[in-house]
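J.: What follows is protein-v4.txt, compact mmCIF, C-alpha atoms and all ligand atoms.
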```txt
# COMPACT_ATOMS: atom_id res chain seq x y z
CA MET A 1 5.21 -25.87 -16.61
CA SER A 2 7.82 -28.03 -14.88
CA ALA A 3 9.52 -27.11 -11.59
CA ASN A 4 12.67 -26.60 -13.64
CA ASP A 5 11.49 -23.56 -15.55
CA SER A 6 8.91 -22.12 -13.16
CA VAL A 7 9.32 -18.99 -11.04
CA VAL A 8 7.48 -19.03 -7.73
CA ILE A 9 6.46 -17.00 -4.71
CA SER A 10 7.61 -19.23 -1.86
CA GLY A 11 7.16 -17.05 1.21
CA ALA A 12 5.28 -13.99 2.42
CA GLY A 13 5.73 -11.84 5.50
CA LEU A 14 3.61 -9.19 7.20
CA TRP A 15 4.72 -6.78 9.91
CA THR A 16 1.95 -4.76 11.60
CA PRO A 17 2.70 -1.73 13.81
CA GLU A 18 1.42 -1.94 17.38
CA HIS A 19 -0.49 1.37 17.41
CA VAL A 20 -4.15 1.52 16.32
CA LEU A 21 -5.86 4.75 15.28
CA THR A 22 -9.65 4.55 15.10
CA ASN A 23 -11.97 6.66 12.92
CA THR A 24 -13.44 8.20 16.08
CA GLU A 25 -10.01 9.35 17.24
CA LEU A 26 -9.14 10.88 13.86
CA VAL A 27 -12.47 12.67 13.62
CA GLN A 28 -12.14 13.95 17.18
CA VAL A 29 -8.82 15.69 16.53
CA LEU A 30 -9.84 17.03 13.10
CA ASN A 31 -13.10 18.46 14.44
CA GLU A 32 -11.29 20.02 17.39
CA TYR A 33 -8.85 21.61 14.93
CA ALA A 34 -11.75 22.82 12.72
CA ASP A 35 -13.49 24.49 15.69
CA LYS A 36 -10.28 26.18 16.76
CA PHE A 37 -9.30 27.35 13.26
CA ASN A 38 -12.80 28.55 12.36
CA GLU A 39 -13.14 30.47 15.63
CA GLU A 40 -9.73 32.09 15.25
CA HIS A 41 -10.54 33.11 11.66
CA ALA A 42 -14.24 33.90 12.16
CA SER A 43 -14.07 37.38 10.61
CA GLU A 44 -12.27 36.29 7.42
CA ILE A 45 -14.62 33.33 7.05
CA GLU A 46 -17.63 35.62 7.51
CA ALA A 47 -16.21 38.09 4.99
CA GLY A 48 -15.81 35.22 2.50
CA THR A 49 -12.03 35.65 2.18
CA LEU A 50 -11.22 32.31 3.85
CA GLU A 51 -12.80 28.87 3.59
CA PRO A 52 -13.73 27.28 6.92
CA VAL A 53 -12.12 23.92 7.76
CA ALA A 54 -14.75 21.22 7.10
CA LYS A 55 -15.56 18.74 9.84
CA SER A 56 -15.38 14.98 9.47
CA ASP A 57 -17.76 12.20 10.48
CA PRO A 58 -16.95 8.58 11.47
CA ASP A 59 -20.15 7.24 9.87
CA PHE A 60 -19.23 8.86 6.53
CA ILE A 61 -15.79 7.27 6.65
CA THR A 62 -17.09 3.74 7.28
CA LYS A 63 -19.85 4.06 4.67
CA ALA A 64 -17.73 5.74 1.98
CA SER A 65 -14.63 3.56 2.39
CA GLY A 66 -15.22 0.52 4.64
CA ILE A 67 -12.26 1.61 6.78
CA ARG A 68 -12.79 1.25 10.55
CA GLN A 69 -9.25 1.73 11.84
CA ARG A 70 -5.62 1.78 10.72
CA PHE A 71 -2.25 0.92 12.25
CA VAL A 72 0.39 3.62 12.58
CA TYR A 73 4.12 3.31 13.15
CA VAL A 74 4.09 6.21 15.64
CA LYS A 75 0.84 7.50 17.13
CA ASP A 76 2.39 10.16 19.35
CA GLY A 77 1.78 13.63 17.88
CA ILE A 78 -1.08 12.75 15.49
CA MET A 79 -3.75 13.42 18.11
CA GLU A 80 -2.27 16.76 19.22
CA VAL A 81 -4.40 19.53 17.71
CA ASP A 82 -1.42 21.88 17.31
CA ARG A 83 0.70 19.23 15.57
CA MET A 84 -1.39 16.52 13.81
CA ARG A 85 1.57 14.61 12.42
CA PRO A 86 3.50 11.71 13.94
CA ARG A 87 6.43 12.56 16.18
CA ILE A 88 9.08 10.24 14.76
CA SER A 89 12.48 10.44 16.45
CA GLU A 90 15.30 11.33 14.11
CA ARG A 91 17.98 8.64 14.06
CA GLY A 92 21.71 9.01 13.54
CA ASP A 93 23.43 7.88 10.35
CA ASP A 94 24.88 4.89 12.19
CA GLU A 95 21.47 3.65 13.41
CA LEU A 96 19.03 1.49 11.45
CA SER A 97 16.55 3.84 9.76
CA HIS A 98 12.84 3.59 10.57
CA GLN A 99 11.82 2.31 7.18
CA ALA A 100 14.63 -0.26 7.10
CA GLU A 101 13.51 -1.47 10.54
CA MET A 102 9.96 -2.04 9.27
CA ALA A 103 11.31 -3.70 6.12
CA VAL A 104 13.63 -6.05 8.01
CA ALA A 105 10.78 -7.18 10.31
CA ALA A 106 8.60 -8.18 7.32
CA ALA A 107 11.57 -9.64 5.40
CA ARG A 108 12.54 -11.98 8.24
CA LYS A 109 9.00 -13.38 8.26
CA ALA A 110 9.01 -13.90 4.48
CA LEU A 111 12.40 -15.62 4.62
CA ALA A 112 11.20 -17.94 7.41
CA ALA A 113 8.01 -18.78 5.46
CA ALA A 114 10.09 -19.52 2.35
CA ASN A 115 12.53 -21.64 4.36
CA LYS A 116 15.38 -19.49 3.08
CA ASN A 117 18.27 -17.65 4.66
CA ALA A 118 20.44 -14.69 3.65
CA ALA A 119 22.83 -16.84 1.63
CA ASP A 120 19.99 -17.98 -0.66
CA ILE A 121 19.05 -14.41 -1.72
CA ASP A 122 20.84 -12.53 -4.51
CA ALA A 123 18.81 -9.31 -4.67
CA VAL A 124 16.70 -7.06 -2.44
CA ILE A 125 14.08 -4.70 -3.84
CA VAL A 126 12.48 -2.18 -1.48
CA SER A 127 9.43 -0.91 -3.30
CA CYS A 128 6.80 1.41 -1.85
CA ALA A 129 5.02 4.76 -2.24
CA TYR A 130 7.78 6.77 -0.52
CA THR A 131 11.29 6.11 0.72
CA GLN A 132 12.41 8.17 3.67
CA ARG A 133 15.56 9.28 1.84
CA SER A 134 17.00 9.01 -1.65
CA TYR A 135 20.39 7.48 -0.87
CA PRO A 136 21.88 5.25 0.19
CA ALA A 137 18.96 3.09 -0.97
CA ILE A 138 16.86 1.63 1.85
CA ALA A 139 17.22 -1.73 0.07
CA ILE A 140 20.99 -1.62 0.47
CA GLU A 141 20.63 -0.84 4.18
CA VAL A 142 18.22 -3.78 4.52
CA GLN A 143 20.59 -5.98 2.53
CA ALA A 144 23.42 -5.12 4.96
CA GLU A 145 21.24 -5.65 8.04
CA LEU A 146 20.19 -9.10 6.81
CA GLY A 147 23.70 -10.05 5.65
CA ILE A 148 22.71 -10.63 2.03
CA GLU A 149 25.35 -10.64 -0.73
CA GLY A 150 24.52 -9.36 -4.21
CA PHE A 151 22.62 -6.13 -4.79
CA GLY A 152 19.65 -4.04 -3.75
CA PHE A 153 17.69 -1.08 -5.10
CA ASP A 154 14.62 1.01 -4.30
CA MET A 155 11.56 1.45 -6.51
CA LEU A 156 8.66 3.91 -6.27
CA VAL A 157 5.40 3.20 -8.10
CA ALA A 158 2.86 4.39 -5.48
CA CYS A 159 0.03 1.85 -5.10
CA SER A 160 1.56 -0.57 -7.59
CA ALA A 161 5.05 -0.54 -6.08
CA ALA A 162 4.67 -4.06 -4.66
CA THR A 163 3.28 -5.75 -7.78
CA PHE A 164 5.67 -3.95 -10.13
CA ALA A 165 8.62 -5.02 -7.92
CA LEU A 166 7.36 -8.62 -7.95
CA HIS A 167 7.31 -8.35 -11.76
CA ARG A 168 10.98 -7.27 -11.75
CA ALA A 169 11.84 -10.11 -9.36
CA TYR A 170 10.04 -12.61 -11.61
CA GLU A 171 11.99 -11.37 -14.64
CA MET A 172 15.33 -11.49 -12.80
CA VAL A 173 14.79 -15.05 -11.60
CA LYS A 174 13.49 -16.10 -15.02
CA ALA A 175 16.55 -14.52 -16.73
CA GLY A 176 18.91 -16.14 -14.25
CA THR A 177 20.37 -12.85 -13.02
CA ALA A 178 19.30 -13.74 -9.46
CA ARG A 179 18.55 -17.12 -7.86
CA ALA A 180 16.08 -15.59 -5.40
CA VAL A 181 14.83 -12.05 -4.79
CA LEU A 182 13.44 -10.50 -1.64
CA VAL A 183 10.74 -7.92 -2.42
CA ILE A 184 9.84 -5.68 0.54
CA ASN A 185 7.19 -2.95 0.90
CA PRO A 186 7.69 -0.82 4.02
CA GLU A 187 4.72 1.51 3.64
CA LEU A 188 5.28 4.35 6.09
CA THR A 189 2.41 6.53 4.86
CA SER A 190 1.45 8.45 8.02
CA PRO A 191 4.05 11.26 7.65
CA GLN A 192 2.44 12.15 4.27
CA VAL A 193 -1.18 12.15 5.45
CA ASN A 194 -2.88 15.53 5.87
CA TYR A 195 -4.77 14.82 9.10
CA ARG A 196 -6.42 18.28 8.75
CA ASP A 197 -8.17 17.40 5.48
CA ARG A 198 -11.45 15.55 5.90
CA ASP A 199 -11.33 14.18 2.35
CA SER A 200 -8.16 12.19 3.02
CA HIS A 201 -7.36 12.09 6.77
CA PHE A 202 -8.86 8.61 7.18
CA ILE A 203 -7.45 6.84 4.14
CA PHE A 204 -3.99 5.51 5.06
CA GLY A 205 -2.26 3.20 7.50
CA ASP A 206 1.31 1.95 7.99
CA VAL A 207 2.50 -1.63 7.45
CA ALA A 208 5.34 -3.64 5.92
CA THR A 209 5.03 -6.69 3.68
CA ALA A 210 7.61 -8.90 1.99
CA MET A 211 7.80 -11.81 -0.43
CA VAL A 212 10.45 -14.24 -1.64
CA VAL A 213 10.54 -14.98 -5.38
CA GLU A 214 12.75 -17.89 -6.50
CA ARG A 215 13.12 -20.72 -9.01
CA GLY A 216 10.56 -23.50 -8.71
CA GLU A 217 13.27 -26.12 -8.46
CA THR A 218 14.79 -24.58 -5.30
CA ALA A 219 11.49 -23.97 -3.49
CA ASP A 220 10.76 -26.26 -0.54
CA ALA A 221 8.31 -24.16 1.52
CA ASP A 222 4.86 -25.27 2.71
CA HIS A 223 2.97 -22.87 0.43
CA VAL A 224 4.49 -22.36 -3.01
CA TYR A 225 2.77 -20.47 -5.84
CA ASP A 226 3.82 -20.74 -9.48
CA ILE A 227 3.72 -17.35 -11.18
CA LEU A 228 1.74 -18.12 -14.35
CA GLY A 229 1.79 -14.59 -15.77
CA ILE A 230 2.32 -10.93 -14.97
CA LYS A 231 0.66 -7.82 -16.40
CA ALA A 232 1.20 -4.09 -15.91
CA LYS A 233 -0.43 -0.91 -17.15
CA THR A 234 0.08 2.80 -16.46
CA VAL A 235 -1.94 5.80 -17.61
CA TYR A 236 -0.92 9.29 -16.52
CA SER A 237 -3.37 11.02 -14.18
CA ASN A 238 -3.15 13.95 -11.75
CA ASN A 239 -6.14 12.75 -9.75
CA ILE A 240 -3.90 11.22 -7.06
CA ARG A 241 -0.87 13.38 -6.39
CA SER A 242 1.77 14.62 -3.96
CA ASN A 243 4.15 17.38 -5.04
CA PHE A 244 6.63 16.75 -2.25
CA GLY A 245 10.16 16.11 -3.44
CA TYR A 246 13.73 17.30 -3.19
CA VAL A 247 13.01 20.31 -5.42
CA SER A 248 10.47 21.55 -2.81
CA ARG A 249 13.36 23.28 -1.00
CA ALA A 250 13.99 25.48 -4.03
CA PHE A 251 10.38 26.66 -4.38
CA GLU A 252 9.07 29.79 -2.66
CA SER A 253 6.04 27.87 -1.34
CA ASP A 254 5.72 25.95 1.95
CA PRO A 255 7.62 22.66 1.41
CA PHE A 256 5.05 20.96 3.65
CA GLY A 257 1.89 22.71 2.34
CA PRO A 258 -1.29 20.77 1.44
CA ASP A 259 -0.22 20.15 -2.17
CA LYS A 260 3.04 18.57 -0.90
CA LEU A 261 0.97 15.99 1.02
CA PHE A 262 -1.26 13.25 -0.40
CA HIS A 263 -4.34 14.67 -2.11
CA GLN A 264 -6.78 13.29 -4.65
CA GLU A 265 -10.02 13.64 -6.57
CA GLY A 266 -11.42 10.51 -4.92
CA ARG A 267 -14.68 10.34 -6.86
CA LYS A 268 -12.89 10.63 -10.24
CA VAL A 269 -10.37 7.98 -9.18
CA PHE A 270 -13.19 5.66 -8.22
CA LYS A 271 -14.99 6.11 -11.55
CA GLU A 272 -11.89 5.84 -13.75
CA VAL A 273 -9.92 3.11 -12.00
CA CYS A 274 -12.68 0.54 -11.35
CA PRO A 275 -13.40 -0.27 -15.03
CA MET A 276 -9.68 -0.17 -15.86
CA ALA A 277 -8.92 -2.65 -13.07
CA ALA A 278 -11.78 -5.00 -14.03
CA ASP A 279 -10.71 -5.04 -17.70
CA HIS A 280 -7.08 -5.55 -16.69
CA LEU A 281 -7.97 -8.52 -14.49
CA ALA A 282 -10.09 -10.12 -17.20
CA ALA A 283 -7.18 -9.75 -19.64
CA GLN A 284 -4.70 -11.17 -17.09
CA ILE A 285 -6.82 -14.30 -16.62
CA GLU A 286 -7.33 -14.74 -20.35
CA ALA A 287 -3.59 -14.35 -20.98
CA VAL A 288 -2.82 -17.40 -18.82
CA GLY A 289 -5.47 -19.46 -20.60
CA ALA A 290 -7.90 -19.55 -17.70
CA ASP A 291 -11.50 -18.55 -17.17
CA ILE A 292 -12.71 -16.08 -14.51
CA SER A 293 -14.84 -18.82 -12.92
CA GLN A 294 -11.69 -20.89 -12.31
CA VAL A 295 -10.08 -18.25 -10.07
CA ARG A 296 -10.32 -19.42 -6.48
CA ARG A 297 -9.09 -16.20 -4.84
CA TRP A 298 -8.66 -12.51 -5.69
CA TRP A 299 -6.08 -10.68 -3.56
CA LEU A 300 -7.09 -7.17 -4.58
CA HIS A 301 -5.71 -3.73 -3.80
CA GLN A 302 -7.25 -2.36 -0.61
CA ALA A 303 -8.31 1.28 -1.06
CA ASN A 304 -12.08 1.21 -0.73
CA ILE A 305 -14.51 -1.64 -0.09
CA ASN A 306 -17.00 -0.24 -2.62
CA MET A 307 -14.32 -0.30 -5.32
CA ASN A 308 -13.50 -3.96 -4.66
CA GLN A 309 -17.17 -4.88 -4.63
CA LEU A 310 -17.77 -3.09 -7.93
CA ILE A 311 -14.77 -4.79 -9.55
CA THR A 312 -15.69 -8.30 -8.39
CA LYS A 313 -19.32 -7.75 -9.40
CA ARG A 314 -18.20 -6.83 -12.88
CA LEU A 315 -15.88 -9.83 -13.09
CA LEU A 316 -17.89 -12.54 -11.31
CA GLY A 317 -21.44 -11.33 -11.86
CA HIS A 318 -21.86 -11.04 -8.07
CA VAL A 319 -20.10 -9.19 -5.25
CA GLY A 320 -17.09 -11.26 -4.21
CA THR A 321 -17.41 -12.89 -0.80
CA GLN A 322 -14.76 -12.61 1.90
CA ASP A 323 -13.64 -16.09 0.81
CA GLU A 324 -13.36 -15.12 -2.87
CA ALA A 325 -11.89 -11.60 -2.50
CA PRO A 326 -10.86 -10.98 1.10
CA ILE A 327 -11.11 -7.44 2.49
CA VAL A 328 -8.45 -6.32 4.96
CA LEU A 329 -8.87 -2.55 4.64
CA ASP A 330 -11.46 -2.45 7.44
CA GLU A 331 -8.60 -3.16 9.84
CA TYR A 332 -5.53 -1.88 7.93
CA ALA A 333 -7.04 0.96 5.80
CA ASN A 334 -5.27 1.76 2.52
CA THR A 335 -1.61 0.83 2.95
CA ALA A 336 -0.53 2.06 -0.53
CA SER A 337 1.11 -0.84 -2.38
CA ALA A 338 0.97 -3.34 0.48
CA GLY A 339 -2.81 -3.90 0.53
CA SER A 340 -3.04 -6.82 -1.89
CA ILE A 341 0.07 -8.37 -0.29
CA ILE A 342 -1.53 -8.15 3.19
CA ALA A 343 -4.60 -9.89 1.74
CA PHE A 344 -2.32 -12.61 0.32
CA ASN A 345 -0.45 -12.95 3.63
CA LEU A 346 -3.61 -13.45 5.65
CA HIS A 347 -5.56 -15.51 3.13
CA HIS A 348 -3.46 -17.96 1.14
CA GLN A 349 -2.71 -20.94 3.31
CA ASP A 350 -6.14 -22.56 2.85
CA LEU A 351 -5.78 -22.84 -0.94
CA LYS A 352 -5.40 -26.36 -2.34
CA SER A 353 -2.92 -27.64 -4.87
CA GLY A 354 -3.94 -26.45 -8.35
CA ASP A 355 -6.05 -23.53 -7.08
CA LEU A 356 -5.68 -20.30 -9.07
CA GLY A 357 -5.38 -16.85 -7.53
CA VAL A 358 -4.64 -13.31 -8.67
CA ILE A 359 -2.82 -10.48 -6.90
CA CYS A 360 -3.78 -7.06 -8.27
CA SER A 361 -2.96 -3.47 -7.31
CA PHE A 362 -4.50 -0.28 -8.70
CA GLY A 363 -4.03 3.38 -7.86
CA ALA A 364 -1.84 6.43 -8.31
CA GLY A 365 -0.13 6.95 -11.62
CA TYR A 366 -2.61 5.55 -12.60
CA SER A 367 -0.93 2.17 -12.26
CA ILE A 368 -2.28 -1.38 -12.31
CA GLY A 369 -0.18 -4.48 -11.69
CA SER A 370 -1.18 -8.13 -11.45
CA LEU A 371 0.22 -11.64 -11.07
CA ALA A 372 -1.69 -14.83 -11.87
CA LEU A 373 -0.69 -17.62 -9.47
CA ARG A 374 -1.31 -21.34 -9.10
CA LYS A 375 -0.73 -23.17 -5.85
CA ARG A 376 1.64 -26.05 -6.17
N1 LIG B 1 -16.68 13.40 6.66
C1 LIG B 1 -17.84 13.91 6.24
N2 LIG B 1 -18.07 14.28 4.96
C2 LIG B 1 -17.07 14.14 4.09
C3 LIG B 1 -15.83 13.60 4.46
C4 LIG B 1 -15.65 13.24 5.81
N3 LIG B 1 -14.49 12.74 6.24
N4 LIG B 1 -15.03 13.55 3.38
C5 LIG B 1 -15.74 14.03 2.36
N5 LIG B 1 -16.97 14.40 2.78
C6 LIG B 1 -18.05 15.00 1.99
C7 LIG B 1 -17.52 15.65 0.72
O1 LIG B 1 -17.04 16.94 0.96
C8 LIG B 1 -18.75 15.62 -0.15
O2 LIG B 1 -19.59 16.68 0.21
P1 LIG B 1 -20.42 17.48 -0.91
O3 LIG B 1 -21.31 16.45 -1.54
O4 LIG B 1 -21.11 18.53 -0.14
O5 LIG B 1 -19.36 18.00 -1.87
C9 LIG B 1 -19.45 14.32 0.25
O6 LIG B 1 -18.96 14.00 1.56
C10 LIG B 1 -19.18 13.17 -0.68
O7 LIG B 1 -17.77 13.15 -0.96
P2 LIG B 1 -17.12 12.22 -2.04
O8 LIG B 1 -17.94 12.26 -3.29
O9 LIG B 1 -15.66 12.54 -2.11
O10 LIG B 1 -17.31 10.79 -1.30
P3 LIG B 1 -17.09 9.37 -1.91
O11 LIG B 1 -18.30 8.59 -1.67
O12 LIG B 1 -16.52 9.42 -3.29
O13 LIG B 1 -15.95 8.78 -0.95
C11 LIG B 1 -13.59 8.33 -1.09
C12 LIG B 1 -14.67 9.38 -0.89
C13 LIG B 1 -13.68 7.35 0.09
C14 LIG B 1 -12.23 9.01 -1.07
C15 LIG B 1 -13.82 7.56 -2.42
O14 LIG B 1 -14.06 8.46 -3.46
C16 LIG B 1 -12.67 6.67 -2.79
O15 LIG B 1 -12.23 5.81 -2.06
N6 LIG B 1 -12.22 6.81 -4.04
C17 LIG B 1 -11.13 5.97 -4.53
C18 LIG B 1 -9.88 6.66 -4.18
C19 LIG B 1 -8.70 5.78 -4.30
O16 LIG B 1 -8.73 4.57 -4.38
N7 LIG B 1 -7.59 6.41 -4.26
C20 LIG B 1 -6.37 5.72 -4.26
C21 LIG B 1 -5.52 6.46 -3.35
S1 LIG B 1 -4.22 5.52 -2.74
C22 LIG B 1 -2.96 5.53 -3.82
O17 LIG B 1 -3.11 5.64 -4.98
C23 LIG B 1 -1.59 5.44 -3.24
C24 LIG B 1 -0.98 6.78 -3.22
C25 LIG B 1 0.33 6.72 -2.54
C26 LIG B 1 0.22 6.53 -1.04
C27 LIG B 1 0.04 7.79 -0.30
C28 LIG B 1 0.31 7.64 1.16
C29 LIG B 1 0.01 8.87 2.01
```
Rewrite the structure of this file - the entire thing - as structure tokens.
T.:
Amino acid sequence: MSANDSVVISGAGLWTPEHVLTNTELVQVLNEYADKFNEEHASEIEAGTLEPVAKSDPDFITKASGIRQRFVYVKDGIMEVDRMRPRISERGDDELSHQAEMAVAAARKALAAANKNAADIDAVIVSCAYTQRSYPAIAIEVQAELGIEGFGFDMLVACSAATFALHRAYEMVKAGTARAVLVINPELTSPQVNYRDRDSHFIFGDVATAMVVERGETADADHVYDILGIKAKTVYSNNIRSNFGYVSRAFESDPFGPDKLFHQEGRKVFKEVCPMAADHLAAQIEAVGADISQVRRWWLHQANINMNQLITKRLLGHVGTQDEAPIVLDEYANTASAGSIIAFNLHHQDLKSGDLGVICSFGAGYSIGSLALRKR
């Protein structure tokens, strides 16, 4: 492939919130809530008409997931037993929205890494698990804040939002409908986390990532990756679900009840998604004419360390090392679609010219998205 017809990732950016929430802190507030709730409802629980709130355990969390802490956009409110949700200040229509602020911070870093400015970009895609409103699109607000001409739009594909948006950017640049595209993933997950549910209170963290996709011939950054191939797959599953949406207002049920927050059948997800992801990755490598043993780095989705170990074992015949398949979820937790992009951000500069790497996401939908890359 010559520089003339290649499409590349030429810059990546990562914005990390300043607030850390440890497993111990999360468990402390959940267990305090459980004691309070169970005491207040002792008679119903004893009569068998109400389930007690189950307590959590920091050792379980680390062992079951590999997560040790997460970053949150706003910590205030989460640790209050009578609230247990972030206290995010509502902003006026003429102020930059929270999610756009996160997005802009990551986008500026990606633009700097790609050696590009606003005038070089023709399109902005904001792609993540949730947008804080439906319209105007967050991407258009980001576009205005950065002074970019052209167009922007939002995309939602849960855990695969980042990879699927990179696919669209690749296609736009390849088709010539945009010279360069800014793909941004402001993952503000904490407002959707049920901090009262031990099965899921530890899973998510907040972050924003961004990437610049452009034509090979215009790229002049220090670290440029040719996109050799892209691959996507979706299979409908209810095992990871949130029923929150604009229709919630019209239902008779609580618009913020447990089913309107993130919930999942974690064990089923683990069992079903791991083989799908391993097969997908093998097919992605084969499709670009390479062999698994030639892949220098795997930037995998970051939901659970045991999942990543199982997938790399199946692919490589051994559990991938930190050098082969870096883990970032111990520090960041699951950041929805941004996980594999965080891994890329933190672990790509050491690759040498000609080295192959793969970005891959897997999760809700189910959805799997990958990109095979070669360092220039
Ligand atoms: N403390 C103590 N015990 C616990 C806890 C806890 N916190 N949680 C569960 N237990 C108990 C269970 O109740 C169960 O008890 P019992 O045996 O008596 O029933 C026991 O521990 C074992 O539970 P599990 O079988 O559920 O434990 P696992 O070993 O399977 O670990 C995991 C649970 C970590 C959830 C694991 O199954 C997992 O990671 N699965 C993969 C899930 C996954 O990857 N999901 C993707 C979700 S992300 C995504 O798709 C993006 C969505 C959009 C973003 C949303 C943003 C908010």
J.: With only C-alpha atoms as the atoms that count, which of A:Asn117, A:Ser190, A:Ser253, A:Asn31 lies nearest to Ala54 of chain A?
T.: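 For Ala54 of chain A, the nearest of the given residues is A:Asn31.
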J.: I'd like the contact shell of segment 327-343 of chain A - 6 Å cut-off, all atoms listed in the file, skipping same-chain residues fewer than 5 positions apart - returned as a list of chain:residue names.
T.: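 Skipping anything fewer than 5 positions along the chain leaves A:Gly66, A:Ile67, A:Arg68, A:Gln69, A:Arg70, A:Cys159, A:Ser160, A:Ala161, A:Ala162, A:Ile203, A:Phe204, A:Gly205, A:Asp206, A:Trp299, A:Leu300, A:His301, A:Gln302, A:Ala303.
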J.: By how many Å are atom CA of Ala180 of chain A and atom CA of Pro326 of chain A apart?
T.: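 Rounded to one decimal, the two atoms are 28.1 Å apart.
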J.: Wanna dump the chain A-ligand LIG 1 (chain B) contacts at 7 Å for me, each residue with its shortest atom pair and the distance in Å to one decimal, counting only C-alpha atoms and all ligand atoms, ordered by chain and number, as a Markdown table?
T.:
```
| residue | atom | partner | partner_atom | distance |
| --- | --- | --- | --- | --- |
| A:Lys55 | CA | B:LIG1 | N1 | 6.3 |
| A:Ser56 | CA | B:LIG1 | N1 | 3.5 |
| A:Asp57 | CA | B:LIG1 | N1 | 4.1 |
| A:Pro58 | CA | B:LIG1 | N1 | 6.8 |
| A:Phe60 | CA | B:LIG1 | N1 | 5.2 |
| A:Ile61 | CA | B:LIG1 | N3 | 5.6 |
| A:Ala64 | CA | B:LIG1 | O13 | 4.6 |
| A:Ser65 | CA | B:LIG1 | C13 | 4.5 |
| A:Ala129 | CA | B:LIG1 | C25 | 5.1 |
| A:Ala158 | CA | B:LIG1 | C25 | 4.5 |
| A:Cys159 | CA | B:LIG1 | C23 | 4.4 |
| A:Thr189 | CA | B:LIG1 | C28 | 4.4 |
| A:Ser190 | CA | B:LIG1 | C29 | 6.2 |
| A:Gln192 | CA | B:LIG1 | C29 | 4.7 |
| A:Val193 | CA | B:LIG1 | C29 | 4.9 |
| A:Arg198 | CA | B:LIG1 | N3 | 4.2 |
| A:Asp199 | CA | B:LIG1 | N4 | 3.9 |
| A:Ser200 | CA | B:LIG1 | C14 | 6.6 |
| A:Phe204 | CA | B:LIG1 | C29 | 6.0 |
| A:Ile240 | CA | B:LIG1 | O17 | 6.0 |
| A:Phe262 | CA | B:LIG1 | C29 | 5.2 |
| A:Gln264 | CA | B:LIG1 | N7 | 6.9 |
| A:Gly266 | CA | B:LIG1 | O14 | 3.6 |
| A:Arg267 | CA | B:LIG1 | O14 | 3.9 |
| A:Val269 | CA | B:LIG1 | C17 | 5.1 |
| A:Phe270 | CA | B:LIG1 | C17 | 4.2 |
| A:Ala303 | CA | B:LIG1 | O16 | 4.7 |
| A:Asn304 | CA | B:LIG1 | O15 | 4.8 |
| A:Asn334 | CA | B:LIG1 | S1 | 6.6 |
| A:Ala336 | CA | B:LIG1 | C23 | 4.5 |
| A:Ser337 | CA | B:LIG1 | C23 | 6.9 |
| A:Gly363 | CA | B:LIG1 | O17 | 3.8 |
| A:Ala364 | CA | B:LIG1 | O17 | 3.7 |
```
J.: Using C-alpha atoms, can you export the residues from the last selection as a CSV table (one decimal), keeping the file's coordinate frame?
T.:
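Produced file again-v8.csv, reproduced below:
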```csv
chain,number,residue,atom,x,y,z
A,55,LYS,CA,-15.6,18.7,9.8
A,56,SER,CA,-15.4,15.0,9.5
A,57,ASP,CA,-17.8,12.2,10.5
A,58,PRO,CA,-17.0,8.6,11.5
A,60,PHE,CA,-19.2,8.9,6.5
A,61,ILE,CA,-15.8,7.3,6.6
A,64,ALA,CA,-17.7,5.7,2.0
A,65,SER,CA,-14.6,3.6,2.4
A,129,ALA,CA,5.0,4.8,-2.2
A,158,ALA,CA,2.9,4.4,-5.5
A,159,CYS,CA,0.0,1.8,-5.1
A,189,THR,CA,2.4,6.5,4.9
A,190,SER,CA,1.4,8.4,8.0
A,192,GLN,CA,2.4,12.2,4.3
A,193,VAL,CA,-1.2,12.2,5.4
A,198,ARG,CA,-11.4,15.6,5.9
A,199,ASP,CA,-11.3,14.2,2.4
A,200,SER,CA,-8.2,12.2,3.0
A,204,PHE,CA,-4.0,5.5,5.1
A,240,ILE,CA,-3.9,11.2,-7.1
A,262,PHE,CA,-1.3,13.2,-0.4
A,264,GLN,CA,-6.8,13.3,-4.6
A,266,GLY,CA,-11.4,10.5,-4.9
A,267,ARG,CA,-14.7,10.3,-6.9
A,269,VAL,CA,-10.4,8.0,-9.2
A,270,PHE,CA,-13.2,5.7,-8.2
A,303,ALA,CA,-8.3,1.3,-1.1
A,304,ASN,CA,-12.1,1.2,-0.7
A,334,ASN,CA,-5.3,1.8,2.5
A,336,ALA,CA,-0.5,2.1,-0.5
A,337,SER,CA,1.1,-0.8,-2.4
A,363,GLY,CA,-4.0,3.4,-7.9
A,364,ALA,CA,-1.8,6.4,-8.3
```
J.: Excluding Ser293 of chain A and residues on its chain fewer than 6 positions from it, collect all residues at most 10 Å away from it, counting all atoms listed in the file, and give them as a ChimeraX atom specification.
T.: /A:285,315-316
J.: So, with all atoms listed in the file as the atoms that count, which of A:Arg196, A:Lys109, A:His19, A:Arg179 lies closest to Asp35 of chain A?
T.: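 Smallest separation from Asp35 of chain A among the options: A:Arg196.
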J.: So how many Å separate atom CA of Ala178 of chain A and atom CA of Leu156 of chain A, to one decimal?
T.: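 Going from atom CA of Ala178 of chain A over to atom CA of Leu156 of chain A, I get 20.9 Å.
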J.: Find the residues around Asn115 of chain A up to 10 Å (only C-alpha atoms counted), leave out those fewer than 5 positions away in its own chain, and share them as a tab-separated table (two decimals) with C-alpha atoms, keeping the file's coordinate frame.
T.:
```
chain	number	residue	atom	x	y	z
A	10	SER	CA	7.61	-19.23	-1.86
A	11	GLY	CA	7.16	-17.05	1.21
A	109	LYS	CA	9.00	-13.38	8.26
A	110	ALA	CA	9.01	-13.90	4.48
A	120	ASP	CA	19.99	-17.98	-0.66
A	212	VAL	CA	10.45	-14.24	-1.64
A	219	ALA	CA	11.49	-23.97	-3.49
A	220	ASP	CA	10.76	-26.26	-0.54
A	221	ALA	CA	8.31	-24.16	1.52
A	222	ASP	CA	4.86	-25.27	2.71
```
